[in-house]
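Here's the structure, in structure tokens; my notes come after.
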Amino acid sequence: MRVRRVVTGHDTSGKAVFASDEQVDSLTLALIPGAEWHRLWGADQAPAFPDEGGPTAQPRYFPPVGGYRFGFFTVPPGTASAPAGLDLQAGLAEMEEKLPGLLTYLEPDNPGMHTTDTIDFEVVLSGEVILELDDGAEKVLRAGDTVVQNGTRHRWGNRGTEPAVVAVFLIGAHRAST
């Protein structure tokens with residue numbers, strides 16, 4: 001999927017300008033054929049206006065408390081499994097390089113299941129995805145459907161025949177102490 005990012009900002013006199021206009025390449029992983037991630041914008045602290053049009057540093061895939069992320073991800077149809085003959089260690093190293101820290105949230109014995117300290121706002125742009133929670137409860141989501149996730153344990157699936165594209169905005173949040 002080709003994604004264009006247009007960013008506005010301000011010139012030295014405070015006038016609104018287009019600060020940047022560029023293609024954002026997808027990140028793909030040998031370990032999960034057909035899946036794509038587009039890291040579009042984010043920061044590790046409360047938002048500020050980066051008037052020069054360049055994104056701020058985002059050293060980890062998921063944001064810390066007070067940080068945020070904006071992007072797309074594509075869920076391929078079928079069950080995600082590594083291609084036969086793939087060097088697993090090389091695939092995991094590639095995932096850590098392209099999506100730093102994501103692996104620490106994935107459950108090794110339960111593929112795709114994860115829990116993050118974020119509030120996630122998601123909208124399905126195309127296709128159909130399955131959102132499964134930790135007790136096996138599922139919702140089928142189609143283009144135009146939205147989800148607000150509050151730090152829940154979940155996984156994404158796609159039982160259809162076409163890739164599904166989901167836009168996501170993540171905000172690092174504190175977990176309530178119990």
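By convention here, the chains of the structure tokens are called A, B, ... in the order presented, each chain's residues are numbered starting at 1, and ligands are numbered starting at 1 in the order presented.
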
Which polymer residues have any atom within 12 Å of an atom of range 37-42 of chain A, counting only C-alpha atoms, with same-chain residues fewer than 4 positions away left out, as number ranges by chain?
A: 1-7, 22-29, 32-33, 46-50, 53-64, 66-76, 95, 98-100, 102, 164-172

May I have the residues within 7 Å of Thr8 in chain A as a ChimeraX atom specification, using only C-alpha atoms and disregarding those fewer than 4 positions away in the same chain?
/A:16-20,53

Write the residues of the selection above to a file with C-alpha atoms, as an mmCIF file, in the first residue's frame.
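Generated file (out_7.cif):
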```
data_model
loop_
_atom_site.group_PDB
_atom_site.id
_atom_site.type_symbol
_atom_site.label_atom_id
_atom_site.label_comp_id
_atom_site.auth_asym_id
_atom_site.auth_seq_id
_atom_site.Cartn_x
_atom_site.Cartn_y
_atom_site.Cartn_z
ATOM 1 C CA ALA A 16 0.696 28.207 7.855
ATOM 2 C CA VAL A 17 2.734 26.274 5.274
ATOM 3 C CA PHE A 18 3.053 22.758 3.904
ATOM 4 C CA ALA A 19 6.169 21.637 5.739
ATOM 5 C CA SER A 20 6.570 18.274 4.002
ATOM 6 C CA GLY A 53 7.780 18.955 9.030
#
```

Expressed in Å to a single decimal, how great is the separation between CA of Gly151 in chain A and CA of Ala43 in chain A?
18.9 Å

Every residue of chain A that DSSP places in strand (DSSP E), as a ChimeraX atom specification
/A:3-10,16-24,27-28,36-43,68-75,118-126,128-133,138-142,146-150,154-157,164-172

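The smallest atom-to-atom distance between Pro77 in chain A and any of A:Val129, A:Val147, A:Arg153, A:Gly136, using only C-alpha atoms, is found for A:Val129.
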
From A:Gly144, A:Gly157, A:Gly101, A:Pro83, residue lying nearest Ser126 in chain A [only C-alpha atoms]:
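Looking at the shortest contact to Ser126 in chain A, the residue is A:Gly144.
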
Can you tell me how far CA of Gln149 in chain A sits from CA of Glu94 in chain A, in Å to one decimal?
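Calculated distance between CA of Gln149 in chain A and CA of Glu94 in chain A is 27.4 Å.
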
Pick out each residue of range 80-178 of chain A that DSSP on the backbone tags as helix (DSSP H, G or I); I need them as a list in words.
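Taking range 80-178 of chain A and keeping helix (DSSP H, G or I) gives Leu88, Gln89, Ala90, Gly91, Leu92, Ala93, Glu94, Met95, Glu96, Glu97, Lys98, Leu102, Leu103, Thr104 and Tyr105 of chain A.
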
Let me see the file: selected residues, N, CA and C atoms, as a compact mmCIF listing (two decimals), in the first residue's frame.
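New file out.txt:
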```
# COMPACT_ATOMS: atom_id res chain seq x y z
N LEU A 88 14.57 -18.41 11.67
CA LEU A 88 13.76 -17.79 12.71
C LEU A 88 14.51 -16.68 13.44
N GLN A 89 15.76 -16.92 13.79
CA GLN A 89 16.54 -15.90 14.51
C GLN A 89 16.73 -14.65 13.66
N ALA A 90 16.97 -14.84 12.37
CA ALA A 90 17.11 -13.69 11.45
C ALA A 90 15.78 -12.94 11.34
N GLY A 91 14.67 -13.68 11.30
CA GLY A 91 13.34 -13.05 11.23
C GLY A 91 13.03 -12.24 12.47
N LEU A 92 13.37 -12.78 13.63
CA LEU A 92 13.15 -12.06 14.89
C LEU A 92 14.04 -10.82 14.97
N ALA A 93 15.28 -10.93 14.51
CA ALA A 93 16.19 -9.78 14.50
C ALA A 93 15.67 -8.70 13.57
N GLU A 94 15.11 -9.09 12.42
CA GLU A 94 14.54 -8.12 11.49
C GLU A 94 13.35 -7.40 12.13
N MET A 95 12.50 -8.15 12.84
CA MET A 95 11.35 -7.54 13.51
C MET A 95 11.82 -6.52 14.55
N GLU A 96 12.83 -6.86 15.33
CA GLU A 96 13.33 -5.93 16.34
C GLU A 96 13.94 -4.69 15.70
N GLU A 97 14.59 -4.85 14.57
CA GLU A 97 15.19 -3.71 13.88
C GLU A 97 14.13 -2.77 13.31
N LYS A 98 13.11 -3.32 12.67
CA LYS A 98 12.10 -2.49 11.99
C LYS A 98 10.99 -2.01 12.90
N LEU A 102 8.47 -4.33 19.76
CA LEU A 102 7.20 -5.04 19.54
C LEU A 102 7.25 -6.46 20.08
N LEU A 103 8.36 -7.13 19.88
CA LEU A 103 8.48 -8.52 20.33
C LEU A 103 8.27 -8.70 21.82
N THR A 104 8.65 -7.70 22.61
CA THR A 104 8.52 -7.84 24.07
C THR A 104 7.06 -7.90 24.51
N TYR A 105 6.14 -7.49 23.65
CA TYR A 105 4.72 -7.51 23.99
C TYR A 105 4.01 -8.76 23.47
```

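Closest to Arg159 in chain A among A:His114, A:His10, A:Arg142, A:His174 is A:Arg142, based on only C-alpha atoms.
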
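For the residues A:Asp120, A:Leu31, A:Thr12, A:Ala137, ranking by smallest atom-to-atom distance to Ala84 in chain A using only C-alpha atoms places A:Leu31 first.
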
Pick out the closest residue to Arg175 in chain A from this set: A:Asp87, A:Glu107, A:Glu122, A:Asp117. Count only C-alpha atoms.
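Ranking A:Asp87, A:Glu107, A:Glu122, A:Asp117 by distance to Arg175 in chain A, first place goes to A:Asp117.
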
One decimal, Å: what's the distance from CA of Thr152 in chain A over to CA of Ser177 in chain A, could you say?
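Going from CA of Thr152 in chain A over to CA of Ser177 in chain A, I get 14.8 Å.
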